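**Q** Handing you a structure now.
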Amino acid sequence: MSRFAPLALTVTSALLVLTACGVQGTPGGSGVRDPYFPKAGNGGYDVTHYALDLAYDPDDRHLTGTAEITARATQDLSAFDLDLKGLDVERVGVEGERARWSRNGQELVVRPHDELDKGETFQLTVRYSGTPETVTDPDGSEEGWLPTADGALALGEPTGSMAWFPGNHHPSDKASYDIDVTVPEGLEAVSNGELVKRTTSGGRTTFRWHASEPMASYVTTLAIGDYKISRSTTDSGLPVYVAVEPGQADGSREVLARLPEIMDWAEENFGPYPFSSTGAIVADADAADYALETQNRPLFPGAPGIELVVHELAHQWFGNSVTPKSWRDMWLNESFATYAEWLWQEDDGGDSAQDIFDARYDHGEDDFEDLWDFPPAKPTSAAHISGDPVYERGAMVLHKIRQTVGDDTFYDIVQGWAADHRHGNADTDDFTAYVEEKAPDEDFAPIWEDWLYGDGKPDQP
């Protein structure tokens, strides 16, 4: 008998044991291969719910958090990643068992005690703390956690949400949320969805927010500070929750008073509102450099103008409810929101959408320096996904569709697109196919080739 026979027998036995136990899981991907943010998001699972329990002290800018995440494995998993930038992780658990973990840049790599089977729903808990970071985008704008004089703003587009809670931070993975926030008594903490509870004890106030409709993490928000709160309803009974920094109250009063009117106009044009409440957050003018379509209640740095409010509220349909599959599809958000501004002006006694289109075409190089630098559906890099071609030339694409099909079919397309993809994700191919399906007798090839994907300034027929 060979002296190696016992070893061979042992290996054979081990293989039999592995075979009997089934195929071993593999790690989930550390990104979803987004064309502009390849490390954003993670493979191997889909999040269905976030429950965040947060406490923030503005004096020392310290955040303490526990994230309880419910997810479903989309493959057999031996490990998986979460996106989390900065912050100190204290403990990670999966299904009640302590899990091993490690950090690799923005990746929190989790190795559960027991492997997860494809299709299994599991609970993940992460306890963490520290000073959240402000993230600088490729285009130079700031997001993530933005400290203010008396609190903070949390803004997430495109990747800033990973600065204040761990998650699957890509627009393709949407979830419901419960967000509990504890702050010093006297401050407000405003987030998404509905305020379901507010309690004060020992000099601290806890706010509980519940967002039942699916939400991409980049439109989650948290505004902590001295805000004046007002509540009302629209004529249709939709709750309106508005938070305004006191110094911005006078400047924003007239525009915010028209919010119910804007909502009625938007529903007439875009179809039923996709969420359970609306509103706005008006922060100090120095709090951020841009407005953002945070879900349910957009964020404005300083008193906004009427067209900016129209733009961000239109995003509730286009961007928040119908969310892009990747950041390459950003134009699907911004073209609709920009064209909403044009339609509002047309209906509110201003220039027609055709007049605005003609002005862009004739004078775009003067008013919008990069309007013809790249096509809306193909930004040249992550630094350009918020460029003029995405917003303004994207709106011109929509106007060309309207010119081609006429108003009745155009509004059928707009409302049908919002309804058919409500609370879902879509990309450019989905949109072009939808348009062609709704107007099968029209030739859209020149629009797609010249206006949506073509380089340079298209020729007018």
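Convention: chains lettered A, B, ... in structure tokens order; per-chain residue numbering from 1; ligands numbered from 1 as shown.
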When you look at range 383-399 of chain A with a cut-off of 9 Å (counting only C-alpha atoms), what residues show up, excluding the ones that are within fewer than 3 positions of it in the same chain? I need them as a tab-separated table (two decimals) with all heavy atoms, in the first residue's frame.
**A**
chain	number	residue	atom	x	y	z
A	36	TYR	N	-19.65	55.32	-15.00
A	36	TYR	CA	-18.99	56.51	-14.49
A	36	TYR	C	-18.52	56.37	-13.05
A	36	TYR	O	-17.60	57.06	-12.62
A	36	TYR	CB	-19.92	57.73	-14.62
A	36	TYR	CG	-20.30	58.00	-16.05
A	36	TYR	CD1	-21.58	57.75	-16.51
A	36	TYR	CD2	-19.35	58.47	-16.96
A	36	TYR	CE1	-21.92	57.97	-17.83
A	36	TYR	CE2	-19.69	58.69	-18.29
A	36	TYR	CZ	-20.97	58.44	-18.72
A	36	TYR	OH	-21.30	58.65	-20.03
A	137	ASP	N	-17.24	65.79	-5.61
A	137	ASP	CA	-17.57	65.10	-6.85
A	137	ASP	C	-16.51	65.33	-7.91
A	137	ASP	O	-15.72	66.28	-7.82
A	137	ASP	CB	-18.91	65.62	-7.40
A	137	ASP	CG	-20.09	65.14	-6.60
A	137	ASP	OD1	-19.95	64.15	-5.89
A	137	ASP	OD2	-21.16	65.77	-6.69
A	138	PRO	N	-16.52	64.51	-8.98
A	138	PRO	CA	-15.61	64.77	-10.09
A	138	PRO	C	-15.79	66.15	-10.73
A	138	PRO	O	-14.86	66.69	-11.31
A	138	PRO	CB	-15.96	63.65	-11.09
A	138	PRO	CG	-16.45	62.53	-10.24
A	138	PRO	CD	-17.20	63.20	-9.12
A	139	ASP	N	-17.02	66.72	-10.61
A	139	ASP	CA	-17.21	68.05	-11.19
A	139	ASP	C	-16.88	69.17	-10.21
A	139	ASP	O	-17.07	70.35	-10.51
A	139	ASP	CB	-18.65	68.22	-11.70
A	139	ASP	CG	-19.69	68.21	-10.59
A	139	ASP	OD1	-19.31	68.10	-9.40
A	139	ASP	OD2	-20.89	68.30	-10.90
A	140	GLY	N	-16.37	68.81	-9.02
A	140	GLY	CA	-15.94	69.80	-8.05
A	140	GLY	C	-16.98	70.19	-7.02
A	140	GLY	O	-16.68	70.89	-6.05
A	327	TRP	N	-25.72	55.81	-14.03
A	327	TRP	CA	-25.51	57.26	-14.14
A	327	TRP	C	-25.34	57.71	-15.58
A	327	TRP	O	-25.37	58.90	-15.87
A	327	TRP	CB	-24.33	57.68	-13.28
A	327	TRP	CG	-24.66	57.60	-11.83
A	327	TRP	CD1	-24.16	56.73	-10.91
A	327	TRP	CD2	-25.60	58.42	-11.12
A	327	TRP	NE1	-24.74	56.94	-9.68
A	327	TRP	CE2	-25.62	57.98	-9.78
A	327	TRP	CE3	-26.43	59.48	-11.49
A	327	TRP	CZ2	-26.43	58.56	-8.80
A	327	TRP	CZ3	-27.25	60.07	-10.53
A	327	TRP	CH2	-27.24	59.61	-9.21
A	328	ARG	N	-25.20	56.78	-16.52
A	328	ARG	CA	-25.21	57.15	-17.93
A	328	ARG	C	-26.58	57.67	-18.35
A	328	ARG	O	-26.70	58.43	-19.31
A	328	ARG	CB	-24.82	55.95	-18.79
A	328	ARG	CG	-24.88	56.22	-20.30
A	328	ARG	CD	-24.48	55.00	-21.10
A	328	ARG	NE	-23.05	54.77	-21.04
A	328	ARG	CZ	-22.47	53.58	-21.02
A	328	ARG	NH1	-23.22	52.49	-21.01
A	328	ARG	NH2	-21.15	53.47	-21.00
A	329	ASP	N	-27.62	57.26	-17.62
A	329	ASP	CA	-28.99	57.62	-17.97
A	329	ASP	C	-29.46	58.88	-17.24
A	329	ASP	O	-30.66	59.14	-17.15
A	329	ASP	CB	-29.92	56.46	-17.64
A	329	ASP	CG	-29.47	55.16	-18.29
A	329	ASP	OD1	-29.34	55.14	-19.53
A	329	ASP	OD2	-29.20	54.18	-17.57
A	330	MET	N	-28.52	59.67	-16.75
A	330	MET	CA	-28.84	60.89	-16.00
A	330	MET	C	-29.75	61.83	-16.81
A	330	MET	O	-30.58	62.55	-16.26
A	330	MET	CB	-27.54	61.59	-15.63
A	330	MET	CG	-27.71	62.88	-14.87
A	330	MET	SD	-28.09	62.58	-13.14
A	330	MET	CE	-27.50	64.12	-12.42
A	331	TRP	N	-29.61	61.84	-18.12
A	331	TRP	CA	-30.40	62.74	-18.94
A	331	TRP	C	-31.89	62.47	-18.78
A	331	TRP	O	-32.71	63.38	-18.93
A	331	TRP	CB	-29.97	62.66	-20.41
A	331	TRP	CG	-30.61	61.53	-21.16
A	331	TRP	CD1	-30.21	60.23	-21.18
A	331	TRP	CD2	-31.77	61.62	-21.99
A	331	TRP	NE1	-31.06	59.49	-21.98
A	331	TRP	CE2	-32.02	60.31	-22.48
A	331	TRP	CE3	-32.62	62.64	-22.37
A	331	TRP	CZ2	-33.08	60.02	-23.34
A	331	TRP	CZ3	-33.69	62.36	-23.22
A	331	TRP	CH2	-33.92	61.07	-23.69
A	332	LEU	N	-32.27	61.21	-18.47
A	332	LEU	CA	-33.68	60.89	-18.27
A	332	LEU	C	-34.25	61.64	-17.06
A	332	LEU	O	-35.45	61.93	-17.02
A	332	LEU	CB	-33.87	59.39	-18.09
A	332	LEU	CG	-33.70	58.53	-19.35
A	332	LEU	CD1	-33.74	57.05	-19.00
A	332	LEU	CD2	-34.77	58.86	-20.39
A	333	ASN	N	-33.42	61.92	-16.08
A	333	ASN	CA	-33.83	62.76	-14.95
A	333	ASN	C	-33.91	64.23	-15.38
A	333	ASN	O	-34.94	64.89	-15.21
A	333	ASN	CB	-32.82	62.67	-13.80
A	333	ASN	CG	-32.72	61.30	-13.19
A	333	ASN	OD1	-33.20	60.31	-13.72
A	333	ASN	ND2	-32.06	61.23	-12.05
A	334	GLU	N	-32.81	64.72	-15.88
A	334	GLU	CA	-32.65	66.17	-16.04
A	334	GLU	C	-33.37	66.73	-17.26
A	334	GLU	O	-33.77	67.90	-17.25
A	334	GLU	CB	-31.16	66.53	-16.06
A	334	GLU	CG	-30.40	66.12	-14.81
A	334	GLU	CD	-30.98	66.73	-13.53
A	334	GLU	OE1	-31.77	67.69	-13.61
A	334	GLU	OE2	-30.64	66.24	-12.44
A	335	SER	N	-33.53	65.94	-18.29
A	335	SER	CA	-34.26	66.46	-19.45
A	335	SER	C	-35.71	66.72	-19.11
A	335	SER	O	-36.26	67.78	-19.47
A	335	SER	CB	-34.16	65.46	-20.61
A	335	SER	OG	-34.79	64.23	-20.28
A	336	PHE	N	-36.34	65.78	-18.40
A	336	PHE	CA	-37.74	65.97	-18.03
A	336	PHE	C	-37.91	67.14	-17.06
A	336	PHE	O	-38.85	67.92	-17.17
A	336	PHE	CB	-38.30	64.69	-17.42
A	336	PHE	CG	-38.78	63.68	-18.43
A	336	PHE	CD1	-37.98	62.60	-18.77
A	336	PHE	CD2	-40.01	63.82	-19.03
A	336	PHE	CE1	-38.42	61.66	-19.69
A	336	PHE	CE2	-40.46	62.90	-19.96
A	336	PHE	CZ	-39.66	61.81	-20.29
A	337	ALA	N	-37.01	67.25	-16.08
A	337	ALA	CA	-37.12	68.34	-15.11
A	337	ALA	C	-36.89	69.69	-15.78
A	337	ALA	O	-37.56	70.68	-15.47
A	337	ALA	CB	-36.13	68.13	-13.97
A	338	THR	N	-35.95	69.74	-16.72
A	338	THR	CA	-35.70	70.98	-17.45
A	338	THR	C	-36.85	71.32	-18.38
A	338	THR	O	-37.30	72.48	-18.46
A	338	THR	CB	-34.39	70.87	-18.24
A	338	THR	OG1	-33.30	70.60	-17.34
A	338	THR	CG2	-34.09	72.16	-19.00
A	339	TYR	N	-37.37	70.30	-19.06
A	339	TYR	CA	-38.50	70.56	-19.95
A	339	TYR	C	-39.74	70.96	-19.16
A	339	TYR	O	-40.58	71.73	-19.65
A	339	TYR	CB	-38.80	69.34	-20.82
A	339	TYR	CG	-39.61	69.68	-22.05
A	339	TYR	CD1	-39.10	70.53	-23.02
A	339	TYR	CD2	-40.89	69.16	-22.24
A	339	TYR	CE1	-39.84	70.87	-24.15
A	339	TYR	CE2	-41.64	69.49	-23.36
A	339	TYR	CZ	-41.10	70.34	-24.31
A	339	TYR	OH	-41.84	70.69	-25.42
A	340	ALA	N	-39.86	70.47	-17.92
A	340	ALA	CA	-40.95	70.92	-17.06
A	340	ALA	C	-40.88	72.43	-16.85
A	340	ALA	O	-41.92	73.11	-16.82
A	340	ALA	CB	-40.90	70.19	-15.72
A	342	TRP	N	-39.73	74.57	-18.99
A	342	TRP	CA	-40.19	75.17	-20.25
A	342	TRP	C	-41.72	75.14	-20.33
A	342	TRP	O	-42.35	76.12	-20.73
A	342	TRP	CB	-39.60	74.42	-21.44
A	342	TRP	CG	-38.11	74.44	-21.55
A	342	TRP	CD1	-37.20	74.84	-20.60
A	342	TRP	CD2	-37.34	74.01	-22.66
A	342	TRP	NE1	-35.93	74.69	-21.06
A	342	TRP	CE2	-35.96	74.19	-22.32
A	342	TRP	CE3	-37.66	73.49	-23.91
A	342	TRP	CZ2	-34.94	73.85	-23.20
A	342	TRP	CZ3	-36.64	73.15	-24.80
A	342	TRP	CH2	-35.29	73.34	-24.44
A	353	ALA	N	-42.42	76.79	-25.18
A	353	ALA	CA	-41.33	75.83	-25.25
A	353	ALA	C	-40.61	75.94	-26.59
A	353	ALA	O	-39.38	75.76	-26.65
A	353	ALA	CB	-41.87	74.41	-25.04
A	354	GLN	N	-41.35	76.26	-27.65
A	354	GLN	CA	-40.71	76.42	-28.96
A	354	GLN	C	-39.77	77.62	-28.95
A	354	GLN	O	-38.67	77.56	-29.50
A	354	GLN	CB	-41.77	76.59	-30.04
A	354	GLN	CG	-41.19	76.66	-31.45
A	354	GLN	CD	-40.50	75.37	-31.86
A	354	GLN	OE1	-41.09	74.30	-31.79
A	354	GLN	NE2	-39.24	75.46	-32.28
A	357	PHE	N	-36.69	76.57	-27.05
A	357	PHE	CA	-35.90	75.68	-27.89
A	357	PHE	C	-35.12	76.48	-28.93
A	357	PHE	O	-33.90	76.27	-29.10
A	357	PHE	CB	-36.83	74.68	-28.58
A	357	PHE	CG	-36.13	73.75	-29.55
A	357	PHE	CD1	-35.71	72.50	-29.13
A	357	PHE	CD2	-35.89	74.14	-30.86
A	357	PHE	CE1	-35.07	71.64	-30.03
A	357	PHE	CE2	-35.25	73.29	-31.75
A	357	PHE	CZ	-34.84	72.04	-31.33
A	360	ARG	N	-32.20	78.30	-27.43
A	360	ARG	CA	-31.08	77.39	-27.14
A	360	ARG	C	-30.34	77.05	-28.44
A	360	ARG	O	-29.11	77.03	-28.48
A	360	ARG	CB	-31.59	76.09	-26.49
A	360	ARG	CG	-32.29	76.26	-25.16
A	360	ARG	CD	-31.36	76.73	-24.06
A	360	ARG	NE	-32.01	76.73	-22.78
A	360	ARG	CZ	-32.73	77.74	-22.28
A	360	ARG	NH1	-32.87	78.85	-22.98
A	360	ARG	NH2	-33.28	77.64	-21.09
A	361	TYR	N	-31.10	76.77	-29.48
A	361	TYR	CA	-30.46	76.35	-30.73
A	361	TYR	C	-29.67	77.51	-31.36
A	361	TYR	O	-28.54	77.32	-31.81
A	361	TYR	CB	-31.51	75.85	-31.72
A	361	TYR	CG	-30.88	75.24	-32.95
A	361	TYR	CD1	-30.44	73.92	-32.94
A	361	TYR	CD2	-30.71	76.00	-34.12
A	361	TYR	CE1	-29.83	73.37	-34.06
A	361	TYR	CE2	-30.11	75.45	-35.24
A	361	TYR	CZ	-29.67	74.13	-35.21
A	361	TYR	OH	-29.06	73.59	-36.32
A	368	PHE	N	-24.88	78.73	-23.09
A	368	PHE	CA	-24.49	77.46	-22.48
A	368	PHE	C	-23.24	76.99	-23.21
A	368	PHE	O	-23.30	76.39	-24.29
A	368	PHE	CB	-25.62	76.43	-22.62
A	368	PHE	CG	-26.92	76.89	-22.01
A	368	PHE	CD1	-27.90	77.51	-22.77
A	368	PHE	CD2	-27.15	76.71	-20.65
A	368	PHE	CE1	-29.08	77.94	-22.21
A	368	PHE	CE2	-28.33	77.14	-20.07
A	368	PHE	CZ	-29.30	77.76	-20.85
A	369	GLU	N	-22.10	77.23	-22.60
A	369	GLU	CA	-20.82	77.09	-23.29
A	369	GLU	C	-20.57	75.68	-23.83
A	369	GLU	O	-19.93	75.52	-24.86
A	369	GLU	CB	-19.68	77.48	-22.34
A	369	GLU	CG	-19.66	78.98	-22.00
A	369	GLU	CD	-18.50	79.33	-21.10
A	369	GLU	OE1	-17.72	78.42	-20.76
A	369	GLU	OE2	-18.37	80.52	-20.74
A	370	ASP	N	-21.09	74.66	-23.12
A	370	ASP	CA	-20.77	73.30	-23.54
A	370	ASP	C	-21.97	72.58	-24.13
A	370	ASP	O	-21.99	71.35	-24.20
A	370	ASP	CB	-20.22	72.50	-22.36
A	370	ASP	CG	-21.24	72.32	-21.24
A	370	ASP	OD1	-22.28	73.02	-21.25
A	370	ASP	OD2	-21.01	71.47	-20.35
A	371	LEU	N	-22.99	73.30	-24.59
A	371	LEU	CA	-24.24	72.68	-25.01
A	371	LEU	C	-24.05	71.63	-26.09
A	371	LEU	O	-24.74	70.62	-26.12
A	371	LEU	CB	-25.22	73.76	-25.50
A	371	LEU	CG	-26.63	73.29	-25.87
A	371	LEU	CD1	-27.31	72.63	-24.68
A	371	LEU	CD2	-27.46	74.45	-26.39
A	372	TRP	N	-23.09	71.84	-26.99
A	372	TRP	CA	-22.89	70.90	-28.10
A	372	TRP	C	-21.62	70.06	-27.93
A	372	TRP	O	-21.19	69.41	-28.87
A	372	TRP	CB	-22.83	71.67	-29.42
A	372	TRP	CG	-23.94	72.67	-29.57
A	372	TRP	CD1	-23.83	74.03	-29.60
A	372	TRP	CD2	-25.34	72.39	-29.68
A	372	TRP	NE1	-25.07	74.61	-29.73
A	372	TRP	CE2	-26.02	73.63	-29.78
A	372	TRP	CE3	-26.10	71.21	-29.69
A	372	TRP	CZ2	-27.40	73.72	-29.90
A	372	TRP	CZ3	-27.47	71.30	-29.81
A	372	TRP	CH2	-28.12	72.54	-29.91
A	373	ASP	N	-21.06	70.07	-26.73
A	373	ASP	CA	-19.79	69.36	-26.53
A	373	ASP	C	-19.93	67.85	-26.56
A	373	ASP	O	-18.99	67.14	-26.93
A	373	ASP	CB	-19.16	69.77	-25.19
A	373	ASP	CG	-18.49	71.13	-25.25
A	373	ASP	OD1	-18.56	71.76	-26.32
A	373	ASP	OD2	-17.91	71.56	-24.25
A	374	PHE	N	-21.07	67.34	-26.14
A	374	PHE	CA	-21.29	65.89	-26.15
A	374	PHE	C	-22.80	65.64	-26.15
A	374	PHE	O	-23.58	66.51	-25.76
A	374	PHE	CB	-20.62	65.21	-24.95
A	374	PHE	CG	-21.06	65.72	-23.60
A	374	PHE	CD1	-22.17	65.18	-22.96
A	374	PHE	CD2	-20.35	66.73	-22.96
A	374	PHE	CE1	-22.58	65.65	-21.72
A	374	PHE	CE2	-20.75	67.20	-21.71
A	374	PHE	CZ	-21.87	66.66	-21.09
A	375	PRO	N	-23.24	64.47	-26.57
A	375	PRO	CA	-24.67	64.19	-26.62
A	375	PRO	C	-25.22	63.85	-25.23
A	375	PRO	O	-24.48	63.40	-24.36
A	375	PRO	CB	-24.77	62.98	-27.56
A	375	PRO	CG	-23.43	62.32	-27.47
A	375	PRO	CD	-22.43	63.42	-27.22
A	376	PRO	N	-26.52	64.08	-25.02
A	376	PRO	CA	-27.09	63.86	-23.68
A	376	PRO	C	-26.91	62.45	-23.16
A	376	PRO	O	-26.69	62.26	-21.96
A	376	PRO	CB	-28.58	64.17	-23.89
A	376	PRO	CG	-28.64	65.03	-25.09
A	376	PRO	CD	-27.50	64.62	-25.97
A	377	ALA	N	-27.01	61.46	-24.03
A	377	ALA	CA	-26.95	60.06	-23.59
A	377	ALA	C	-25.53	59.53	-23.49
A	377	ALA	O	-25.35	58.36	-23.12
A	377	ALA	CB	-27.77	59.19	-24.54
A	378	LYS	N	-24.53	60.36	-23.77
A	378	LYS	CA	-23.14	59.91	-23.70
A	378	LYS	C	-22.23	60.98	-23.10
A	378	LYS	O	-21.35	61.51	-23.80
A	378	LYS	CB	-22.62	59.49	-25.08
A	378	LYS	CG	-23.27	58.26	-25.68
A	378	LYS	CD	-22.49	57.73	-26.88
A	378	LYS	CE	-22.30	58.77	-27.96
A	378	LYS	NZ	-21.57	58.23	-29.14
A	379	PRO	N	-22.42	61.33	-21.82
A	379	PRO	CA	-21.48	62.26	-21.19
A	379	PRO	C	-20.06	61.73	-21.29
A	379	PRO	O	-19.83	60.51	-21.23
A	379	PRO	CB	-21.96	62.32	-19.74
A	379	PRO	CG	-23.40	61.93	-19.80
A	379	PRO	CD	-23.49	60.91	-20.89
A	380	THR	N	-19.11	62.61	-21.45
A	380	THR	CA	-17.74	62.18	-21.70
A	380	THR	C	-17.03	61.63	-20.46
A	380	THR	O	-16.04	60.92	-20.59
A	380	THR	CB	-16.91	63.35	-22.26
A	380	THR	OG1	-17.11	64.51	-21.43
A	380	THR	CG2	-17.38	63.69	-23.67
A	402	ARG	N	-41.94	65.92	-29.12
A	402	ARG	CA	-43.24	66.62	-29.11
A	402	ARG	C	-43.56	67.18	-30.50
A	402	ARG	O	-44.71	67.08	-30.96
A	402	ARG	CB	-43.20	67.73	-28.07
A	402	ARG	CG	-44.51	68.50	-27.90
A	402	ARG	CD	-44.33	69.63	-26.91
A	402	ARG	NE	-45.53	70.45	-26.77
A	402	ARG	CZ	-45.59	71.61	-26.10
A	402	ARG	NH1	-44.48	72.07	-25.50
A	402	ARG	NH2	-46.72	72.28	-26.03
A	403	GLN	N	-42.58	67.77	-31.15
A	403	GLN	CA	-42.79	68.28	-32.51
A	403	GLN	C	-43.21	67.17	-33.46
A	403	GLN	O	-44.05	67.36	-34.34
A	403	GLN	CB	-41.50	68.92	-33.03
A	403	GLN	CG	-41.15	70.26	-32.44
A	403	GLN	CD	-39.85	70.80	-33.03
A	403	GLN	OE1	-38.91	70.06	-33.28
A	403	GLN	NE2	-39.82	72.11	-33.27
A	404	THR	N	-42.65	65.99	-33.27
A	404	THR	CA	-42.88	64.88	-34.18
A	404	THR	C	-44.26	64.27	-33.99
A	404	THR	O	-44.95	63.95	-34.97
A	404	THR	CB	-41.80	63.80	-33.98
A	404	THR	OG1	-40.51	64.37	-34.24
A	404	THR	CG2	-42.02	62.61	-34.90
A	410	PHE	N	-47.72	63.23	-27.27
A	410	PHE	CA	-46.58	63.55	-26.41
A	410	PHE	C	-46.96	63.40	-24.93
A	410	PHE	O	-46.22	62.77	-24.16
A	410	PHE	CB	-46.09	64.96	-26.68
A	410	PHE	CG	-44.97	65.39	-25.77
A	410	PHE	CD1	-43.69	64.90	-25.93
A	410	PHE	CD2	-45.21	66.29	-24.73
A	410	PHE	CE1	-42.65	65.29	-25.08
A	410	PHE	CE2	-44.18	66.69	-23.88
A	410	PHE	CZ	-42.90	66.18	-24.06
A	447	ILE	N	-33.95	61.78	-34.57
A	447	ILE	CA	-33.85	62.35	-33.22
A	447	ILE	C	-32.81	61.60	-32.42
A	447	ILE	O	-31.95	62.20	-31.75
A	447	ILE	CB	-35.22	62.32	-32.52
A	447	ILE	CG1	-36.24	63.15	-33.30
A	447	ILE	CG2	-35.09	62.85	-31.09
A	447	ILE	CD1	-37.64	63.10	-32.72
A	448	TRP	N	-32.90	60.28	-32.45
A	448	TRP	CA	-31.93	59.49	-31.66
A	448	TRP	C	-30.52	59.71	-32.20
A	448	TRP	O	-29.59	59.92	-31.41
A	448	TRP	CB	-32.26	58.01	-31.71
A	448	TRP	CG	-33.65	57.57	-31.39
A	448	TRP	CD1	-34.29	56.47	-31.88
A	448	TRP	CD2	-34.60	58.16	-30.47
A	448	TRP	NE1	-35.55	56.35	-31.37
A	448	TRP	CE2	-35.77	57.37	-30.50
A	448	TRP	CE3	-34.58	59.30	-29.66
A	448	TRP	CZ2	-36.90	57.67	-29.74
A	448	TRP	CZ3	-35.70	59.61	-28.90
A	448	TRP	CH2	-36.83	58.81	-28.93
A	451	TRP	N	-29.80	64.08	-32.14
A	451	TRP	CA	-30.01	64.86	-30.93
A	451	TRP	C	-29.64	64.11	-29.64
A	451	TRP	O	-29.12	64.72	-28.72
A	451	TRP	CB	-31.47	65.32	-30.84
A	451	TRP	CG	-31.80	66.34	-31.87
A	451	TRP	CD1	-32.24	66.11	-33.15
A	451	TRP	CD2	-31.65	67.75	-31.75
A	451	TRP	NE1	-32.39	67.30	-33.83
A	451	TRP	CE2	-32.04	68.33	-32.99
A	451	TRP	CE3	-31.24	68.59	-30.72
A	451	TRP	CZ2	-32.03	69.70	-33.20
A	451	TRP	CZ3	-31.24	69.96	-30.93
A	451	TRP	CH2	-31.62	70.50	-32.16
A	452	LEU	N	-29.90	62.82	-29.61
A	452	LEU	CA	-29.67	62.06	-28.38
A	452	LEU	C	-28.26	61.49	-28.31
A	452	LEU	O	-27.62	61.53	-27.26
A	452	LEU	CB	-30.70	60.94	-28.28
A	452	LEU	CG	-30.70	60.09	-27.01
A	452	LEU	CD1	-30.89	60.96	-25.76
A	452	LEU	CD2	-31.78	59.01	-27.08
**Q** Name the residues in contact with Leu87 in chain A at a cut-off of 8 Å, using only C-alpha atoms, excluding same-chain residues fewer than 2 positions from it; report them as number ranges by chain.
**A** A: 84-85, 89, 128-132, 163-164
**Q** Which polymer residues have any atom within 6 Å of an atom of range 41-57 of chain A, counting only C-alpha atoms, with same-chain residues fewer than 5 positions away left out, as an MDAnalysis selection string?
**A** chainID A and resid 28:32 62:75 168:170 175:183
**Q** Can I get the selection written as a PDB file, in the first residue's frame, with C-alpha atoms?
**A**
ATOM      1  CA  GLY A  28     -20.541  39.555  -4.241  1.00  0.00           C
ATOM      2  CA  GLY A  29     -18.999  42.190  -6.498  1.00  0.00           C
ATOM      3  CA  SER A  30     -17.460  45.347  -5.069  1.00  0.00           C
ATOM      4  CA  GLY A  31     -19.354  47.468  -7.591  1.00  0.00           C
ATOM      5  CA  VAL A  32     -22.002  47.153 -10.282  1.00  0.00           C
ATOM      6  CA  HIS A  62     -19.975  63.475  15.863  1.00  0.00           C
ATOM      7  CA  LEU A  63     -22.399  60.953  14.359  1.00  0.00           C
ATOM      8  CA  THR A  64     -23.340  57.655  15.981  1.00  0.00           C
ATOM      9  CA  GLY A  65     -25.347  55.195  13.945  1.00  0.00           C
ATOM     10  CA  THR A  66     -26.817  51.734  13.732  1.00  0.00           C
ATOM     11  CA  ALA A  67     -27.959  50.543  10.322  1.00  0.00           C
ATOM     12  CA  GLU A  68     -30.263  47.544  10.183  1.00  0.00           C
ATOM     13  CA  ILE A  69     -30.518  46.441   6.573  1.00  0.00           C
ATOM     14  CA  THR A  70     -32.898  43.879   5.120  1.00  0.00           C
ATOM     15  CA  ALA A  71     -31.713  42.380   1.852  1.00  0.00           C
ATOM     16  CA  ARG A  72     -32.192  39.428  -0.468  1.00  0.00           C
ATOM     17  CA  ALA A  73     -29.249  37.424  -1.800  1.00  0.00           C
ATOM     18  CA  THR A  74     -29.224  37.277  -5.602  1.00  0.00           C
ATOM     19  CA  GLN A  75     -26.544  34.580  -5.606  1.00  0.00           C
ATOM     20  CA  ASN A 168     -25.797  49.551  -1.604  1.00  0.00           C
ATOM     21  CA  HIS A 169     -25.312  53.057  -2.941  1.00  0.00           C
ATOM     22  CA  HIS A 170     -26.289  52.853  -6.593  1.00  0.00           C
ATOM     23  CA  ALA A 175     -35.521  50.441  -0.833  1.00  0.00           C
ATOM     24  CA  SER A 176     -37.933  51.707   1.811  1.00  0.00           C
ATOM     25  CA  TYR A 177     -36.536  53.562   4.831  1.00  0.00           C
ATOM     26  CA  ASP A 178     -37.067  54.203   8.515  1.00  0.00           C
ATOM     27  CA  ILE A 179     -34.775  56.956   9.770  1.00  0.00           C
ATOM     28  CA  ASP A 180     -34.582  57.808  13.469  1.00  0.00           C
ATOM     29  CA  VAL A 181     -32.507  60.891  14.273  1.00  0.00           C
ATOM     30  CA  THR A 182     -31.646  62.183  17.761  1.00  0.00           C
ATOM     31  CA  VAL A 183     -30.368  65.766  18.068  1.00  0.00           C
TER      32      VAL A 183
END
**Q** Given only C-alpha atoms as the basis, pick out the residue of A:Glu120, A:Phe270, A:Ser217, A:Gly247 nearest to Gly156 in chain A.
**A**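 With only C-alpha atoms as the atom set, the closest residue is A:Ser217.
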**Q** Which residues are close to range 185-188 of chain A, i.e. within 9 Å by only C-alpha atoms, leaving aside same-chain residues fewer than 4 positions away? Reply as a list in words.
**A**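 Here the qualifying residues turn out to be Asp150, Gly151, Thr200, Ser201, Gly202, Gly203, Arg204, Thr205, Thr206, Phe207, Ala223, Ile224, Gly225, Asp226, Tyr227, Lys228, Ile229 and Ala243 of chain A.
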**Q** Check range 58-196 of chain A with DSSP on the backbone and list each residue it calls helix (DSSP H, G or I), as a PyMOL selection string.
**A** chain A and resi 160-163
**Q** Per residue of range 211-238 of chain A within 9 Å of range 276-297 of chain A, what are the shortest atom pair and its distance in Å to one decimal, counting only C-alpha atoms, with rows by chain and residue number, as CSV?
**A**
residue,atom,partner,partner_atom,distance
A:Ala211,CA,A:Ser276,CA,8.7
A:Ser212,CA,A:Ser276,CA,8.5
A:Glu213,CA,A:Ser276,CA,8.1
A:Met215,CA,A:Gln295,CA,7.3
A:Ala216,CA,A:Gln295,CA,8.8
A:Tyr218,CA,A:Thr294,CA,7.9
A:Val219,CA,A:Thr294,CA,4.3
A:Thr220,CA,A:Thr294,CA,5.9
A:Thr221,CA,A:Thr294,CA,6.2
A:Ala223,CA,A:Ile281,CA,7.9
A:Gly225,CA,A:Ala283,CA,8.9
A:Tyr227,CA,A:Ala283,CA,8.0
A:Arg231,CA,A:Gly279,CA,8.7
A:Thr233,CA,A:Ser277,CA,8.9
A:Leu238,CA,A:Ser277,CA,5.8
